[in-house]
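Scroll down for the structure; my scribbles are underneath it.
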Amino acid sequence: MTDAAALLDLAILHLDCVTRRYQTGPAAVDRVTLTLMQGELLALLGPSGCGKTTLLRLIAGLEVPNEGAIVLSGRPVAGPGGWVPPERRQLGMVFQDYALFPHLTVAQNVGFGLDRLRKQAPQQMRDRVAEAIALVGLEGLEKRYPHELSGGQQQRVALARSIAPQPSLILLDEPLSNLDARVRQRLRQEVRAILKRAGAAAVFVTHDREEAMAIADRVAVMRRGQIEQLDSPEGLYWEPDSRFVAGFVAETNFLIATRSAQGWQTELGIILPEQLGNDPPGDRVELAIRQTDVTLEADPQGNGQLLERQFLGREYVYLVQLPSGERLQVVTDWRCKLEPGDRVHLKITSPRLRAFPIGPD
């Protein structure tokens with residue numbers, strides 16, 4: 001057996017060229033291949049319509065692929081070998097609206113998927129429910145009903161219910177999208193910690209890049225039904241494979257650069273070849289500049305003019321216009337306070353830039 005085959009045998013999830021087409025339009029999911037190992041957390045990230053929710057539904061068994069194969073823990077569940085319905089895939093599922101039963105208590109909701117244990121080993125079922133509730137930090141709330149809980153607590157009940165049957169894989173469909181921004185930010189790390197303690201692998205869908213990068217071990221950035229790049233959060237941020245990934249993941253500015261004997265000439269000066277992490281073809285490219293890659297300094301003779309300023313507590317976000325009319329967003333810390341209308345000097349300071357060919361992305 002080859003190393004690759006042995007790795008697939010150990011995988012919790014393997015997708016091989018999975019495709020889903022509808023009657024009209026391009027494929028919703030187009031030849032997606034990926035592998036997920038035990039305990040790994042994977043985010044499916046992308047804009048609306050990119051295929052991420054359809055891919056999650058294919059894994060769950062709520063959709064049937066037109067082509068390709070899906071294997072769960074070494075067992076084919078979709079493809080040439082047949083199709084296994086959702087209830088027999090032994091998956092945990094957390095829905096966007098949590099889907100809690102309003103007439104059941106926290107403990108009853110968590111134990112809902114343990115019918116077999118309820119009949120054969122009721123004490124084991126009660127232990128399993130108690131363990132799942134403790135895992136998500138809701139001890140003492142077992143007898144409350146969903147309407148008596150906050151949104152964050154309801155989300156944790158849904159997570160406990162998915163964990164209680166001890167599945168090898170948990171699927172989460174935008175699990176934090178119904179919460180306000182403050183609660184969502186706090187729960188990111190809670191969700192990651194809970195899933196890691198449970199030891200289950202997980203695939204979750206989100207359009208929020210910060211959520212994906214905070215929770216996931218790896219992130220699959222999707223576009224037009226395909227995976228544009230599958231990498232660690234750090235890999236996506238520092239080494240995007242395409243202009244789309246750079247713009248979507250890092251909220252990047254793009255600036256025209258022309259090849260010269262010294263390096264790459266831009267409106268902000270020369271970029272040395274060693275500052276680029278790739279070597280794009282052609283003599284004119286688009287340089288990807290993250291909002292934190294640029295420093296600002298007040299200068300009456302500067303190469304930019306401040307148009308707007310936003311104060312976000314720990315940082316300022318500035319909109320700066322260059323002589324060409326190009327506009328860049330720049331993030332500085334709270335100590336760099338400049339006024340709209342000021343002339344400023346912009347300088348690119350990052351040693352880890354990327355450049356991409358000019359043209360349709």
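Identifiers in this document derive from the order of the structure tokens: chains are assigned A, B, ..., residues are numbered from 1 separately in each chain, and ligands are numbered from 1 in order of occurrence.
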
Nearby residues (only C-alpha atoms) at most 8 Å from Gly263 (chain A), same-chain spacing under 5 positions excluded, as a PyMOL selection string: chain A and resi 270-273

Could you take the residues named above and write them with N, CA and C atoms, as an mmCIF file, in the first residue's frame?
```cif
data_model
loop_
_atom_site.group_PDB
_atom_site.id
_atom_site.type_symbol
_atom_site.label_atom_id
_atom_site.label_comp_id
_atom_site.auth_asym_id
_atom_site.auth_seq_id
_atom_site.Cartn_x
_atom_site.Cartn_y
_atom_site.Cartn_z
ATOM 1 N N ILE A 270 9.968 51.833 -5.548
ATOM 2 C CA ILE A 270 10.473 50.561 -6.060
ATOM 3 C C ILE A 270 10.217 49.435 -5.050
ATOM 4 N N ILE A 271 9.708 48.327 -5.564
ATOM 5 C CA ILE A 271 9.570 47.094 -4.783
ATOM 6 C C ILE A 271 10.687 46.158 -5.230
ATOM 7 N N LEU A 272 11.552 45.791 -4.311
ATOM 8 C CA LEU A 272 12.675 44.923 -4.647
ATOM 9 C C LEU A 272 12.194 43.499 -4.927
ATOM 10 N N PRO A 273 12.881 42.774 -5.805
ATOM 11 C CA PRO A 273 12.458 41.398 -6.125
ATOM 12 C C PRO A 273 12.340 40.515 -4.897
#
```

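Excluding Thr349 (chain A) itself and same-chain residues fewer than 2 positions from it, the residues having an atom within 9 Å of it are Thr292, Asp293, Val294, Thr295, Lys347 and Pro351 of chain A, counting only C-alpha atoms.
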
Residues of the last selection are to be written out with N, CA and C atoms, as a PDB file, in the first residue's frame.
```
ATOM      1  N   THR A 292      -2.261  46.593   6.140  1.00  0.00           N
ATOM      2  CA  THR A 292      -1.219  46.837   7.149  1.00  0.00           C
ATOM      3  C   THR A 292       0.183  46.854   6.550  1.00  0.00           C
ATOM      4  N   ASP A 293       0.298  46.737   5.222  1.00  0.00           N
ATOM      5  CA  ASP A 293       1.611  46.705   4.567  1.00  0.00           C
ATOM      6  C   ASP A 293       2.184  48.093   4.325  1.00  0.00           C
ATOM      7  N   VAL A 294       1.416  49.132   4.649  1.00  0.00           N
ATOM      8  CA  VAL A 294       1.792  50.510   4.314  1.00  0.00           C
ATOM      9  C   VAL A 294       1.850  51.351   5.590  1.00  0.00           C
ATOM     10  N   THR A 295       2.871  52.205   5.687  1.00  0.00           N
ATOM     11  CA  THR A 295       2.927  53.180   6.774  1.00  0.00           C
ATOM     12  C   THR A 295       2.563  54.559   6.238  1.00  0.00           C
ATOM     13  N   LYS A 347       4.535  54.531   2.477  1.00  0.00           N
ATOM     14  CA  LYS A 347       5.687  53.684   2.232  1.00  0.00           C
ATOM     15  C   LYS A 347       5.298  52.232   2.467  1.00  0.00           C
ATOM     16  N   PRO A 351       7.853  42.821   3.812  1.00  0.00           N
ATOM     17  CA  PRO A 351       8.796  42.050   2.988  1.00  0.00           C
ATOM     18  C   PRO A 351       8.122  40.844   2.329  1.00  0.00           C
TER      19      PRO A 351
END
```

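The shortest atom-to-atom distance to Thr53 (chain A), with only C-alpha atoms taken into account, belongs to A:Phe204 out of A:Trp83, A:Phe112, A:Tyr145, A:Phe204.
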
Exercise: Leu36 (chain A) partners within 10 Å, only C-alpha atoms, chain neighbours under 3 positions left out, as a ChimeraX atom specification: /A:8,10-15,39-42,72-73,169,201-203,218

Pairwise distance for CA of Arg243 (chain A) and CA of Ile215 (chain A), rounded to one decimal in Å: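 Result for CA of Arg243 (chain A) versus CA of Ile215 (chain A): 23.7 Å, one decimal.
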
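Interatomic distance, CA of His207 (chain A) against CA of Ser168 (chain A): 24.5 Å.
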
Non-local contacts of Arg182 (chain A) (12 Å; only C-alpha atoms; under 5 positions in same chain excluded) as a list in words: Gly151, Gly152, Leu176, Ser177, Leu187 and Arg188 of chain A

Sel. of alpha helix (DSSP H) residues, region 89-199 of chain A, as a ChimeraX atom specification: /A:106-110,115-120,122-135,151-163,181-198

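If you look at CA of Arg144 (chain A) and CA of Gln90 (chain A), they are 27.6 Å away from each other.
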
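Closest to Arg209 (chain A) among A:Pro65, A:Pro47, A:Glu308, A:Ile194 is A:Pro47, based on only C-alpha atoms.
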
Among the residues A:Cys17, A:Leu296, A:Ala198, A:Val29, the one that comes closest to Arg343 (chain A) [using only C-alpha atoms]: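 Among the listed residues, A:Leu296 lies closest to Arg343 (chain A).
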